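Containing TSV, C-alpha atoms and all ligand atoms: structure.tsv.
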chain	number	residue	atom	x	y	z
A	1	MET	CA	-12.81	3.11	-1.73
A	2	THR	CA	-16.16	4.08	-0.23
A	3	GLU	CA	-17.82	2.03	2.50
A	4	ALA	CA	-18.40	-1.49	1.12
A	5	THR	CA	-21.91	-2.23	-0.14
A	6	LEU	CA	-23.08	-5.31	1.75
A	7	ILE	CA	-24.11	-8.07	-0.60
A	8	ASP	CA	-25.30	-11.55	0.39
A	9	HIS	CA	-23.30	-13.32	-2.31
A	10	ARG	CA	-19.66	-13.21	-1.23
A	11	ARG	CA	-17.89	-15.58	-3.62
A	12	ILE	CA	-18.50	-14.62	-7.20
A	13	LEU	CA	-17.16	-16.30	-10.30
A	14	VAL	CA	-17.15	-13.78	-13.16
A	15	THR	CA	-16.59	-15.03	-16.72
A	16	GLY	CA	-15.19	-12.52	-19.21
A	17	GLY	CA	-13.81	-10.35	-16.41
A	18	ALA	CA	-10.95	-9.09	-18.58
A	19	GLY	CA	-13.37	-7.56	-21.09
A	20	PHE	CA	-14.94	-4.12	-21.11
A	21	ILE	CA	-18.01	-4.70	-18.91
A	22	GLY	CA	-16.50	-7.65	-17.03
A	23	SER	CA	-13.51	-5.57	-15.87
A	24	ALA	CA	-15.83	-2.75	-14.73
A	25	LEU	CA	-17.82	-5.34	-12.79
A	26	VAL	CA	-14.71	-6.86	-11.19
A	27	ARG	CA	-13.38	-3.40	-10.26
A	28	HIS	CA	-16.79	-2.62	-8.72
A	29	LEU	CA	-17.03	-5.91	-6.79
A	30	ILE	CA	-13.52	-5.60	-5.37
A	31	GLY	CA	-13.61	-1.81	-4.84
A	32	GLU	CA	-17.15	-1.30	-3.59
A	33	THR	CA	-18.26	-4.61	-2.01
A	34	GLN	CA	-16.69	-7.22	0.26
A	35	ALA	CA	-16.93	-9.99	-2.39
A	36	GLU	CA	-14.19	-12.43	-3.36
A	37	VAL	CA	-13.92	-12.73	-7.12
A	38	LEU	CA	-12.60	-15.42	-9.43
A	39	ASN	CA	-12.22	-14.04	-12.95
A	40	LEU	CA	-12.35	-16.83	-15.56
A	41	ASP	CA	-11.33	-15.52	-18.98
A	42	LYS	CA	-9.73	-16.98	-22.11
A	43	LEU	CA	-8.04	-13.68	-22.95
A	44	THR	CA	-9.16	-13.39	-26.56
A	45	TYR	CA	-8.29	-10.22	-28.51
A	46	ALA	CA	-10.95	-8.48	-26.35
A	47	GLY	CA	-9.54	-9.57	-22.99
A	48	ASN	CA	-6.96	-7.31	-21.39
A	49	LEU	CA	-5.56	-7.81	-17.90
A	50	ALA	CA	-4.27	-4.21	-17.97
A	51	SER	CA	-7.90	-3.19	-17.35
A	52	LEU	CA	-7.64	-4.92	-13.96
A	53	LYS	CA	-4.34	-3.46	-12.74
A	54	ASP	CA	-6.13	-1.54	-9.95
A	55	VAL	CA	-7.41	-4.78	-8.36
A	56	ALA	CA	-4.85	-7.35	-9.52
A	57	ASP	CA	-3.01	-7.43	-6.17
A	58	ASP	CA	-6.08	-7.45	-3.99
A	59	PRO	CA	-6.24	-10.65	-1.89
A	60	ARG	CA	-9.95	-10.96	-2.73
A	61	TYR	CA	-9.20	-11.20	-6.49
A	62	ARG	CA	-8.02	-14.25	-8.44
A	63	PHE	CA	-7.64	-14.96	-12.15
A	64	VAL	CA	-7.76	-18.21	-14.10
A	65	GLN	CA	-7.19	-18.38	-17.85
A	66	ALA	CA	-9.72	-20.83	-19.31
A	67	ASP	CA	-12.12	-21.25	-22.22
A	68	ILE	CA	-15.82	-21.46	-21.30
A	69	CYS	CA	-16.20	-24.01	-24.12
A	70	ASN	CA	-13.98	-26.38	-22.13
A	71	GLY	CA	-16.54	-27.98	-19.79
A	72	GLU	CA	-13.92	-29.81	-17.72
A	73	ALA	CA	-11.87	-26.68	-17.08
A	74	VAL	CA	-14.99	-24.74	-16.12
A	75	ALA	CA	-16.23	-27.49	-13.78
A	76	ALA	CA	-12.80	-27.71	-12.13
A	77	ALA	CA	-12.67	-23.93	-11.59
A	78	ILE	CA	-16.16	-23.97	-10.06
A	79	GLU	CA	-15.37	-26.92	-7.75
A	80	ASP	CA	-12.17	-25.29	-6.64
A	81	PHE	CA	-13.61	-21.80	-6.00
A	82	ARG	CA	-17.07	-22.90	-4.76
A	83	PRO	CA	-18.95	-19.74	-5.78
A	84	ASP	CA	-22.18	-18.38	-4.27
A	85	ALA	CA	-22.97	-16.92	-7.69
A	86	ILE	CA	-21.73	-17.06	-11.27
A	87	MET	CA	-21.94	-13.92	-13.39
A	88	HIS	CA	-21.52	-14.97	-17.00
A	89	LEU	CA	-20.25	-12.23	-19.31
A	90	ALA	CA	-17.71	-14.06	-21.50
A	91	ALA	CA	-18.81	-13.76	-25.11
A	92	GLU	CA	-17.83	-12.67	-28.57
A	93	SER	CA	-19.43	-9.24	-28.47
A	94	HIS	CA	-18.68	-7.21	-31.59
A	95	VAL	CA	-21.52	-7.16	-34.15
A	96	ASP	CA	-19.25	-6.21	-37.06
A	97	ARG	CA	-16.94	-9.17	-36.35
A	98	SER	CA	-19.99	-11.49	-36.30
A	99	ILE	CA	-20.68	-10.54	-39.91
A	100	ASP	CA	-17.17	-11.42	-41.07
A	101	GLY	CA	-16.63	-14.49	-38.85
A	102	PRO	CA	-19.76	-15.90	-37.20
A	103	ALA	CA	-18.35	-19.34	-36.28
A	104	GLN	CA	-16.61	-18.13	-33.12
A	105	PHE	CA	-19.83	-16.42	-32.01
A	106	ILE	CA	-21.80	-19.68	-32.26
A	107	GLN	CA	-19.02	-21.50	-30.43
A	108	THR	CA	-18.46	-19.09	-27.54
A	109	ASN	CA	-21.90	-17.59	-27.09
A	110	ILE	CA	-24.01	-20.73	-27.55
A	111	VAL	CA	-21.74	-23.73	-26.89
A	112	GLY	CA	-19.82	-21.84	-24.20
A	113	THR	CA	-23.02	-20.85	-22.38
A	114	PHE	CA	-24.21	-24.47	-22.61
A	115	GLU	CA	-20.97	-25.67	-20.99
A	116	MET	CA	-21.31	-23.02	-18.26
A	117	LEU	CA	-24.88	-24.14	-17.56
A	118	GLN	CA	-23.93	-27.80	-17.39
A	119	ALA	CA	-21.05	-27.17	-15.02
A	120	ALA	CA	-23.08	-24.76	-12.86
A	121	THR	CA	-26.02	-27.17	-12.66
A	122	GLY	CA	-23.78	-30.08	-11.64
A	123	TYR	CA	-22.22	-27.95	-8.89
A	124	TRP	CA	-25.54	-26.48	-7.72
A	125	LYS	CA	-27.17	-29.91	-7.46
A	126	GLY	CA	-24.41	-30.92	-5.04
A	127	LEU	CA	-25.11	-27.96	-2.73
A	128	GLU	CA	-27.47	-28.21	0.23
A	129	GLY	CA	-29.73	-26.02	2.35
A	130	ALA	CA	-29.17	-22.27	2.34
A	131	GLU	CA	-26.19	-22.53	-0.04
A	132	LYS	CA	-28.33	-24.26	-2.65
A	133	GLU	CA	-31.22	-21.89	-2.06
A	134	SER	CA	-29.21	-18.71	-2.53
A	135	PHE	CA	-26.98	-19.82	-5.45
A	136	ARG	CA	-27.45	-17.72	-8.62
A	137	PHE	CA	-26.44	-18.14	-12.25
A	138	HIS	CA	-26.59	-14.66	-13.78
A	139	HIS	CA	-26.43	-14.43	-17.57
A	140	ILE	CA	-25.53	-11.05	-19.06
A	141	SER	CA	-27.17	-10.36	-22.41
A	142	THR	CA	-28.10	-7.61	-24.81
A	143	ASP	CA	-31.18	-5.68	-25.95
A	144	GLU	CA	-30.18	-6.60	-29.51
A	145	VAL	CA	-32.00	-9.96	-29.06
A	146	TYR	CA	-35.25	-7.98	-29.43
A	147	GLY	CA	-34.51	-6.74	-32.96
A	148	ALA	CA	-35.05	-3.14	-33.97
A	149	LEU	CA	-37.57	-0.47	-32.99
A	150	GLY	CA	-39.08	2.23	-35.18
A	151	ASP	CA	-39.33	5.84	-34.00
A	152	GLU	CA	-41.52	4.91	-31.03
A	153	GLY	CA	-41.73	2.33	-28.25
A	154	TYR	CA	-39.33	0.63	-25.85
A	155	PHE	CA	-38.02	-2.85	-25.21
A	156	THR	CA	-39.41	-4.37	-22.01
A	157	GLU	CA	-39.01	-7.77	-20.35
A	158	SER	CA	-42.02	-9.05	-22.33
A	159	THR	CA	-40.84	-7.95	-25.81
A	160	ALA	CA	-40.68	-10.91	-28.24
A	161	TYR	CA	-37.24	-12.09	-29.36
A	162	ASP	CA	-36.38	-11.07	-32.94
A	163	PRO	CA	-32.58	-11.08	-33.38
A	164	ARG	CA	-31.18	-9.78	-36.69
A	165	SER	CA	-27.38	-10.21	-36.67
A	166	PRO	CA	-25.26	-13.33	-36.13
A	167	TYR	CA	-24.19	-11.75	-32.81
A	168	SER	CA	-27.70	-11.08	-31.55
A	169	ALA	CA	-28.93	-14.48	-32.76
A	170	SER	CA	-26.15	-16.20	-30.82
A	171	LYS	CA	-26.99	-14.17	-27.70
A	172	ALA	CA	-30.70	-14.97	-28.14
A	173	GLY	CA	-29.77	-18.66	-28.33
A	174	SER	CA	-27.80	-18.37	-25.10
A	175	ASP	CA	-30.70	-16.59	-23.34
A	176	HIS	CA	-33.05	-19.42	-24.35
A	177	LEU	CA	-30.61	-22.03	-23.03
A	178	VAL	CA	-30.41	-20.23	-19.67
A	179	SER	CA	-34.19	-20.03	-19.49
A	180	ALA	CA	-34.49	-23.74	-20.39
A	181	TRP	CA	-32.04	-24.76	-17.65
A	182	HIS	CA	-34.15	-22.79	-15.17
A	183	HIS	CA	-37.41	-24.39	-16.23
A	184	THR	CA	-36.04	-27.89	-16.76
A	185	HIS	CA	-33.53	-28.25	-13.92
A	186	GLY	CA	-34.67	-25.52	-11.55
A	187	LEU	CA	-31.28	-23.73	-11.78
A	188	PRO	CA	-31.79	-20.31	-10.09
A	189	THR	CA	-31.02	-18.03	-13.03
A	190	ILE	CA	-31.19	-14.29	-13.61
A	191	ILE	CA	-31.00	-12.79	-17.10
A	192	THR	CA	-30.24	-9.13	-17.71
A	193	ASN	CA	-30.49	-7.48	-21.13
A	194	CYS	CA	-28.80	-4.13	-21.46
A	195	SER	CA	-28.33	-1.42	-24.03
A	196	ASN	CA	-25.05	-0.13	-25.49
A	197	ASN	CA	-22.43	0.43	-22.82
A	198	TYR	CA	-19.74	3.10	-22.92
A	199	GLY	CA	-17.01	4.30	-20.60
A	200	PRO	CA	-13.35	3.73	-19.68
A	201	TYR	CA	-11.46	0.62	-20.92
A	202	HIS	CA	-13.75	0.18	-23.97
A	203	PHE	CA	-11.97	-1.68	-26.77
A	204	PRO	CA	-10.86	0.80	-29.46
A	205	GLU	CA	-12.92	-0.69	-32.32
A	206	LYS	CA	-16.26	0.32	-30.72
A	207	LEU	CA	-17.90	3.59	-31.83
A	208	ILE	CA	-17.13	5.93	-28.92
A	209	PRO	CA	-13.45	5.03	-28.30
A	210	LEU	CA	-12.85	4.72	-32.05
A	211	VAL	CA	-14.08	8.24	-32.63
A	212	ILE	CA	-12.11	9.70	-29.70
A	213	ILE	CA	-8.88	8.00	-30.79
A	214	ARG	CA	-9.26	8.87	-34.47
A	215	ALA	CA	-10.21	12.46	-33.61
A	216	VAL	CA	-7.09	13.11	-31.53
A	217	GLY	CA	-5.03	11.37	-34.24
A	218	GLY	CA	-6.33	13.85	-36.83
A	219	GLU	CA	-8.07	11.08	-38.81
A	220	GLU	CA	-11.49	10.98	-40.47
A	221	LEU	CA	-14.42	10.10	-38.20
A	222	PRO	CA	-16.57	7.50	-39.98
A	223	VAL	CA	-20.35	7.62	-39.42
A	224	TYR	CA	-22.45	4.74	-40.82
A	225	GLY	CA	-25.19	5.74	-43.30
A	226	ASP	CA	-26.60	9.16	-42.40
A	227	GLY	CA	-25.93	8.67	-38.68
A	228	SER	CA	-29.62	8.48	-37.79
A	229	ASN	CA	-29.51	5.06	-36.08
A	230	VAL	CA	-30.43	5.39	-32.42
A	231	ARG	CA	-28.79	3.64	-29.47
A	232	ASP	CA	-29.68	3.93	-25.78
A	233	TRP	CA	-26.38	4.50	-23.96
A	234	LEU	CA	-25.52	3.10	-20.53
A	235	PHE	CA	-22.44	4.19	-18.57
A	236	VAL	CA	-20.48	1.03	-17.77
A	237	ASP	CA	-20.09	1.74	-14.03
A	238	ASP	CA	-23.86	2.24	-13.72
A	239	HIS	CA	-24.22	-1.13	-15.44
A	240	ALA	CA	-21.80	-2.80	-13.01
A	241	ARG	CA	-23.94	-1.61	-10.06
A	242	ALA	CA	-27.11	-2.81	-11.79
A	243	LEU	CA	-25.59	-6.23	-12.44
A	244	THR	CA	-24.51	-6.59	-8.82
A	245	LEU	CA	-28.01	-5.71	-7.61
A	246	ALA	CA	-29.70	-8.07	-10.08
A	247	MET	CA	-27.38	-10.94	-9.11
A	248	ASP	CA	-27.72	-10.33	-5.38
A	249	ARG	CA	-31.37	-9.27	-5.06
A	250	GLY	CA	-33.10	-10.36	-8.29
A	251	THR	CA	-35.76	-13.09	-8.30
A	252	PRO	CA	-34.67	-16.41	-9.87
A	253	GLY	CA	-36.22	-17.02	-13.27
A	254	GLU	CA	-36.69	-13.29	-13.90
A	255	THR	CA	-35.29	-11.04	-16.62
A	256	TYR	CA	-34.33	-7.41	-15.98
A	257	MET	CA	-33.79	-4.77	-18.66
A	258	ILE	CA	-30.97	-2.29	-17.92
A	259	GLY	CA	-30.80	1.02	-19.78
A	260	GLY	CA	-29.51	4.51	-19.08
A	261	HIS	CA	-32.39	6.70	-20.38
A	262	SER	CA	-29.92	8.05	-22.95
A	263	GLU	CA	-31.18	7.64	-26.50
A	264	ARG	CA	-28.97	9.37	-29.03
A	265	THR	CA	-28.50	9.09	-32.79
A	266	ASN	CA	-25.01	8.00	-33.82
A	267	LEU	CA	-24.46	11.45	-35.31
A	268	GLN	CA	-25.41	13.09	-31.99
A	269	VAL	CA	-22.88	10.82	-30.25
A	270	VAL	CA	-20.09	11.78	-32.66
A	271	HIS	CA	-21.00	15.47	-32.39
A	272	GLY	CA	-21.00	15.11	-28.59
A	273	ILE	CA	-17.50	13.63	-28.60
A	274	CYS	CA	-16.21	16.36	-30.91
A	275	ASP	CA	-17.70	19.08	-28.70
A	276	VAL	CA	-16.16	17.64	-25.50
A	277	LEU	CA	-12.80	17.28	-27.27
A	278	ASP	CA	-13.01	20.85	-28.63
A	279	ASP	CA	-13.30	21.89	-24.99
A	280	LEU	CA	-10.78	19.53	-23.33
A	281	SER	CA	-8.17	19.27	-26.08
A	282	PRO	CA	-8.80	21.95	-28.73
A	283	PRO	CA	-7.23	21.37	-32.15
A	284	ALA	CA	-4.16	23.61	-32.63
A	285	ASP	CA	-5.59	25.44	-35.67
A	286	GLY	CA	-8.74	26.57	-33.82
A	287	ALA	CA	-10.92	24.29	-35.98
A	288	SER	CA	-13.52	21.87	-34.61
A	289	TYR	CA	-13.15	18.10	-34.54
A	290	ARG	CA	-16.59	18.02	-36.26
A	291	GLU	CA	-14.77	18.89	-39.51
A	292	GLN	CA	-13.19	15.39	-39.49
A	293	ILE	CA	-16.60	13.63	-39.79
A	294	THR	CA	-17.23	11.57	-42.97
A	295	PHE	CA	-20.24	9.44	-43.87
A	296	VAL	CA	-19.57	5.82	-44.93
A	297	SER	CA	-21.84	3.10	-46.35
A	298	ASP	CA	-24.16	1.58	-43.78
A	299	ARG	CA	-23.58	-1.75	-41.97
A	300	PRO	CA	-25.66	-4.61	-43.53
A	301	GLY	CA	-28.78	-5.25	-41.44
A	302	HIS	CA	-28.08	-2.20	-39.24
A	303	ASP	CA	-30.92	-2.10	-36.67
A	304	PHE	CA	-32.54	1.34	-36.71
A	305	ARG	CA	-33.26	2.00	-33.05
A	306	TYR	CA	-32.81	0.36	-29.66
A	307	ALA	CA	-34.38	1.84	-26.53
A	308	ILE	CA	-34.92	0.29	-23.12
A	309	ASP	CA	-37.59	0.75	-20.51
A	310	PRO	CA	-35.68	-0.03	-17.29
A	311	SER	CA	-38.63	0.60	-14.94
A	312	LYS	CA	-38.69	-2.97	-13.58
A	313	ILE	CA	-35.14	-2.90	-12.19
A	314	GLU	CA	-35.69	0.68	-10.96
A	315	ARG	CA	-38.94	-0.25	-9.20
A	316	ASP	CA	-38.13	-3.76	-7.91
A	317	LEU	CA	-34.44	-3.36	-7.05
A	318	GLY	CA	-34.09	0.41	-6.57
A	319	TRP	CA	-31.41	0.91	-9.26
A	320	LYS	CA	-30.93	4.26	-11.00
A	321	PRO	CA	-28.16	5.36	-13.35
A	322	ALA	CA	-25.88	7.95	-11.72
A	323	GLU	CA	-24.64	9.41	-15.03
A	324	ASN	CA	-26.59	11.11	-17.78
A	325	PHE	CA	-25.13	10.90	-21.29
A	326	GLU	CA	-23.40	14.29	-21.14
A	327	SER	CA	-21.66	13.62	-17.81
A	328	GLY	CA	-20.76	10.04	-18.77
A	329	LEU	CA	-19.39	11.08	-22.16
A	330	ARG	CA	-17.24	13.79	-20.60
A	331	ARG	CA	-15.78	11.31	-18.11
A	332	THR	CA	-15.13	8.86	-20.94
A	333	VAL	CA	-13.38	11.36	-23.21
A	334	GLN	CA	-11.28	12.59	-20.29
A	335	TRP	CA	-10.31	8.98	-19.46
A	336	TYR	CA	-9.11	8.30	-23.03
A	337	LEU	CA	-7.09	11.53	-22.99
A	338	ASP	CA	-5.53	10.58	-19.63
A	339	ASN	CA	-4.88	6.90	-20.45
A	340	ARG	CA	-3.21	6.90	-23.84
A	341	ASP	CA	-0.85	4.11	-22.77
A	342	TRP	CA	-3.81	1.71	-22.28
A	343	TRP	CA	-5.16	2.15	-25.80
A	344	GLU	CA	-1.82	2.74	-27.53
A	345	ASP	CA	-0.67	-0.68	-26.23
A	346	ILE	CA	-3.71	-2.29	-27.85
A	347	LEU	CA	-3.20	-0.43	-31.13
A	348	SER	CA	0.48	-1.33	-31.28
A	349	GLY	CA	-0.37	-4.98	-30.55
A	350	GLY	CA	-1.36	-5.48	-34.16
A	351	TYR	CA	-4.90	-4.19	-33.97
A	352	ARG	CA	-5.67	-1.25	-36.27
A	353	ALA	CA	-8.66	1.04	-35.76
A	354	GLU	CA	-10.04	0.09	-39.14
A	355	ARG	CA	-13.51	-0.83	-40.18
A	356	VAL	CA	-14.64	-4.49	-40.05
A	357	GLY	CA	-18.01	-6.06	-40.85
A	358	ILE	CA	-19.04	-4.60	-44.16
A	359	GLY	CA	-19.82	-8.16	-45.23
A	360	GLY	CA	-17.30	-8.27	-48.06
A	401	LIG	P1	-15.80	-7.81	-24.47
A	401	LIG	O1	-15.73	-8.31	-25.87
A	401	LIG	O2	-15.16	-6.51	-24.11
A	401	LIG	O3	-15.20	-8.90	-23.47
A	401	LIG	C1	-15.47	-10.26	-23.59
A	401	LIG	C2	-14.55	-11.01	-22.64
A	401	LIG	O4	-14.86	-12.41	-22.75
A	401	LIG	C3	-13.07	-10.86	-23.00
A	401	LIG	O5	-12.32	-10.62	-21.83
A	401	LIG	C4	-12.71	-12.19	-23.63
A	401	LIG	O6	-11.35	-12.56	-23.44
A	401	LIG	C5	-13.65	-13.13	-22.90
A	401	LIG	N1	-13.95	-14.33	-23.69
A	401	LIG	C6	-14.34	-14.39	-25.00
A	401	LIG	N2	-14.48	-15.68	-25.38
A	401	LIG	C7	-14.21	-16.43	-24.28
A	401	LIG	C8	-14.20	-17.83	-24.04
A	401	LIG	N3	-14.50	-18.70	-25.01
A	401	LIG	N4	-13.89	-18.28	-22.80
A	401	LIG	C9	-13.58	-17.40	-21.80
A	401	LIG	N5	-13.53	-16.07	-21.99
A	401	LIG	C10	-13.87	-15.59	-23.21
A	401	LIG	O7	-17.36	-7.80	-24.12
A	401	LIG	P2	-18.19	-6.74	-23.24
A	401	LIG	O8	-18.51	-5.58	-24.08
A	401	LIG	O9	-17.51	-6.56	-21.94
A	401	LIG	O10	-19.53	-7.57	-23.02
A	401	LIG	C11	-19.69	-8.45	-21.91
A	401	LIG	C12	-21.04	-9.13	-22.02
A	401	LIG	O11	-22.08	-8.15	-22.04
A	401	LIG	C13	-21.20	-9.97	-23.27
A	401	LIG	O12	-21.90	-11.15	-22.92
A	401	LIG	C14	-22.03	-9.10	-24.19
A	401	LIG	O13	-22.82	-9.89	-25.06
A	401	LIG	C15	-22.89	-8.33	-23.20
A	401	LIG	N6	-23.34	-7.01	-23.66
A	401	LIG	C16	-22.43	-6.05	-24.02
A	401	LIG	C17	-22.89	-4.79	-24.42
A	401	LIG	C18	-21.94	-3.67	-24.76
A	401	LIG	O14	-22.39	-2.56	-25.04
A	401	LIG	N7	-20.63	-3.87	-24.71
A	401	LIG	C19	-24.25	-4.53	-24.49
A	401	LIG	C20	-25.13	-5.54	-24.15
A	401	LIG	C21	-24.67	-6.76	-23.71
Render the structure in this file as structure tokens.
Ligand code: NAD
Amino acid sequence: MTEATLIDHRRILVTGGAGFIGSALVRHLIGETQAEVLNLDKLTYAGNLASLKDVADDPRYRFVQADICNGEAVAAAIEDFRPDAIMHLAAESHVDRSIDGPAQFIQTNIVGTFEMLQAATGYWKGLEGAEKESFRFHHISTDEVYGALGDEGYFTESTAYDPRSPYSASKAGSDHLVSAWHHTHGLPTIITNCSNNYGPYHFPEKLIPLVIIRAVGGEELPVYGDGSNVRDWLFVDDHARALTLAMDRGTPGETYMIGGHSERTNLQVVHGICDVLDDLSPPADGASYREQITFVSDRPGHDFRYAIDPSKIERDLGWKPAENFESGLRRTVQWYLDNRDWWEDILSGGYRAERVGIGG
């Protein structure tokens, strides 16, 4: 551990802390700051306590298994822990699953956020003085609420909402609820909207881990459409630092866009993974992993391009990503090669790295 970053908010309730970004955030808060953390997570298919093994025994870390849709359980956890800030990440997060089964997305992302807001507001209203003044409710959201871009332009904090998938529509709904609770009740909220994250502990159905795992398994590497869709990649540990800054130093009522200045087409991403793997774990026959690539029919309603202008958080809060896409991708591929037991446990738990969300 490096010297702890001093943050004003010491008691932080994180929802969804057993997920991909949530676990990176919890590892960051425990490893790099002096915060005490309560992780509230239902442990759905996406929640995995193995991602928290490095911090599980730390006296500043606690876990409670609860559903954010259960208002009473949430209120009890808040009353018991008495947080200085709530960082709300729990969500159904996989776009493809939202096409096949949207009901859970409406329930968790919209109803669950509503229950979080109600419980947080009740608690916050009972605080006094400096505690009430400094309390924050930080809602973690996505750039997908802004719809799709063409070849040019960037999403900024003033871009109009235009969600296209059941997932992004449910996240847009939750953002509007958070904003309404700020304007109506004065709840000190922060909203952050980020681009596609990648890095260690990413669930194996998402593009980057899926491709790494299938590549080393000698399987075909599926690319949607012609692979020209563009995403703006953000290394998950850079995101965890940005979230901590936004929660601790952001201005209530404000939104901050978080992006890693790393726009790549999906095909470039898959090529990048193959090239790193060719270097770190060359196929026995001297071939390239690129030969395993196949093109499959596109996802319905597949947004063409997302790209973020993160200048507000860079200017106002002094955040900068530490990784560029090449360095972050290399670290990620190396992590999946070194941590087979983490992802093999998930695969053997019934999940298969197969395609979902073709709308059939
Ligand atoms: P994830 O799917 O990996 O993890 C979600 C976590 O929430 C899991 O631990 C799960 O058990 C928990 N959870 C789900 N439903 C719950 C419920 N009803 N009650 C309590 N816990 C519940 O998600 P992630 O990729 O870590 O994303 C975290 C947040 O960041 C989400 O709000 C997501 O919308 C947002 N986001 C993610 C990305 C990305 O690239 N992954 C990009 C932009 C925004």
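Comparing the minimum interatomic distances between ligand LIG 401 (chain A) and each of A:Tyr201, A:Phe135, A:Phe304, A:Tyr123, counting only C-alpha atoms and all ligand atoms, we find that A:Tyr201 sits nearest.
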- Note on the structure: Between A:Ala90, A:Val178, A:Ala169, A:Ile346, smallest distance to ligand LIG 401 (chain A) by all atoms listed in the file belongs to A:Ala90
- Query: Hey, which residues come within 7 Å of ligand LIG 401 (chain A) if we count only C-alpha atoms and all ligand atoms? Could you give them as an MDAnalysis selection string?
  - Reply: chainID A and resid 15:22 40:48 66:69 89:94 108 112 140:143 171 193:198 202:203
- Message: With all atoms listed in the file as the counted atoms, please give the residues lying no more than 12 Å from Ser134 in chain A, apart from itself and same-chain residues fewer than 4 positions off, as a list of chain:residue names.
- Response: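 Everything that qualifies: A:Ile7, A:Asp8, A:His9, A:Arg10, A:Arg11, A:Pro83, A:Asp84, A:Ala85, A:Ile86, A:Trp124, A:Leu127, A:Glu128, A:Gly129, A:Ala130, A:Leu187, A:Pro188, A:Thr189, A:Met247, A:Asp248, A:Arg249, A:Gly250, A:Thr251, A:Pro252.
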- Message: As an exercise, work out the distance from CA of Pro283 in chain A to CA of Ser348 in chain A in Å and give it to one decimal place.
- Response: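 Atom-to-atom, CA of Pro283 in chain A and CA of Ser348 in chain A are spaced 24.0 Å apart.
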- Item | Option closest in space to Gly259 in chain A, from A:Lys312, A:Arg214, A:His302, A:Lys125 [counting all atoms listed in the file] |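 With all atoms listed in the file as the atom set, the closest residue is A:Lys312.
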- Task: Just give me the gap between CA of Tyr167 in chain A and CA of Pro310 in chain A in Å, one decimal is fine.
- Result: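 Computing the Euclidean distance for CA of Tyr167 in chain A and CA of Pro310 in chain A yields 22.6 Å.
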- Item | Exercise: Val74 in chain A partners within 12 Å, all atoms listed in the file, chain neighbours under 2 positions left out, as a ChimeraX atom specification | /A:13-15,38-42,64-72,76-82,86,88,112-123
- Message: Show me the residues close to (-11.0, 18.0, -33.4) - anything with an atom within 10 Å, counting all atoms listed in the file - and format the list as a ChimeraX atom specification.
- Response: /A:212,214-221,273-279,281-293
- Query: Using only C-alpha atoms, which residue out of A:Ala307, A:Gly260, A:Arg97, A:Asp226 lies closest to Leu149 in chain A?
  - Reply: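 Checking each candidate against Leu149 in chain A, we get A:Ala307 as the closest.
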Please write a file for range 186-197 of chain A, taken from the block I just shared, that holds N, CA and C atoms and is laid out as a PDB file, in the first residue's frame.
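Saved result, decode_32.pdb, follows:
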ATOM      1  N   GLY A 186     -33.338  18.501  -1.863  1.00  0.00           N
ATOM      2  CA  GLY A 186     -32.048  19.091  -1.500  1.00  0.00           C
ATOM      3  C   GLY A 186     -30.968  18.061  -1.197  1.00  0.00           C
ATOM      4  N   LEU A 187     -31.236  16.762  -1.453  1.00  0.00           N
ATOM      5  CA  LEU A 187     -30.227  15.720  -1.180  1.00  0.00           C
ATOM      6  C   LEU A 187     -28.938  16.064  -1.944  1.00  0.00           C
ATOM      7  N   PRO A 188     -27.782  16.093  -1.250  1.00  0.00           N
ATOM      8  CA  PRO A 188     -26.530  16.461  -1.932  1.00  0.00           C
ATOM      9  C   PRO A 188     -26.021  15.317  -2.802  1.00  0.00           C
ATOM     10  N   THR A 189     -26.374  15.344  -4.056  1.00  0.00           N
ATOM     11  CA  THR A 189     -26.052  14.242  -4.977  1.00  0.00           C
ATOM     12  C   THR A 189     -24.902  14.605  -5.907  1.00  0.00           C
ATOM     13  N   ILE A 190     -24.220  13.577  -6.354  1.00  0.00           N
ATOM     14  CA  ILE A 190     -23.221  13.683  -7.435  1.00  0.00           C
ATOM     15  C   ILE A 190     -23.595  12.582  -8.419  1.00  0.00           C
ATOM     16  N   ILE A 191     -23.572  12.891  -9.708  1.00  0.00           N
ATOM     17  CA  ILE A 191     -23.758  11.848 -10.727  1.00  0.00           C
ATOM     18  C   ILE A 191     -22.490  11.793 -11.572  1.00  0.00           C
ATOM     19  N   THR A 192     -21.985  10.591 -11.806  1.00  0.00           N
ATOM     20  CA  THR A 192     -20.902  10.447 -12.777  1.00  0.00           C
ATOM     21  C   THR A 192     -21.359   9.497 -13.882  1.00  0.00           C
ATOM     22  N   ASN A 193     -21.014   9.857 -15.120  1.00  0.00           N
ATOM     23  CA  ASN A 193     -21.335   9.016 -16.276  1.00  0.00           C
ATOM     24  C   ASN A 193     -20.017   8.643 -16.935  1.00  0.00           C
ATOM     25  N   CYS A 194     -19.774   7.340 -17.033  1.00  0.00           N
ATOM     26  CA  CYS A 194     -18.466   6.935 -17.558  1.00  0.00           C
ATOM     27  C   CYS A 194     -18.625   6.078 -18.806  1.00  0.00           C
ATOM     28  N   SER A 195     -17.500   5.920 -19.481  1.00  0.00           N
ATOM     29  CA  SER A 195     -17.459   5.092 -20.684  1.00  0.00           C
ATOM     30  C   SER A 195     -17.161   3.641 -20.294  1.00  0.00           C
ATOM     31  N   ASN A 196     -16.935   2.801 -21.298  1.00  0.00           N
ATOM     32  CA  ASN A 196     -16.724   1.368 -21.061  1.00  0.00           C
ATOM     33  C   ASN A 196     -15.477   1.123 -20.221  1.00  0.00           C
ATOM     34  N   ASN A 197     -15.658   0.427 -19.128  1.00  0.00           N
ATOM     35  CA  ASN A 197     -14.518   0.068 -18.271  1.00  0.00           C
ATOM     36  C   ASN A 197     -13.917  -1.256 -18.718  1.00  0.00           C
TER      37      ASN A 197
END
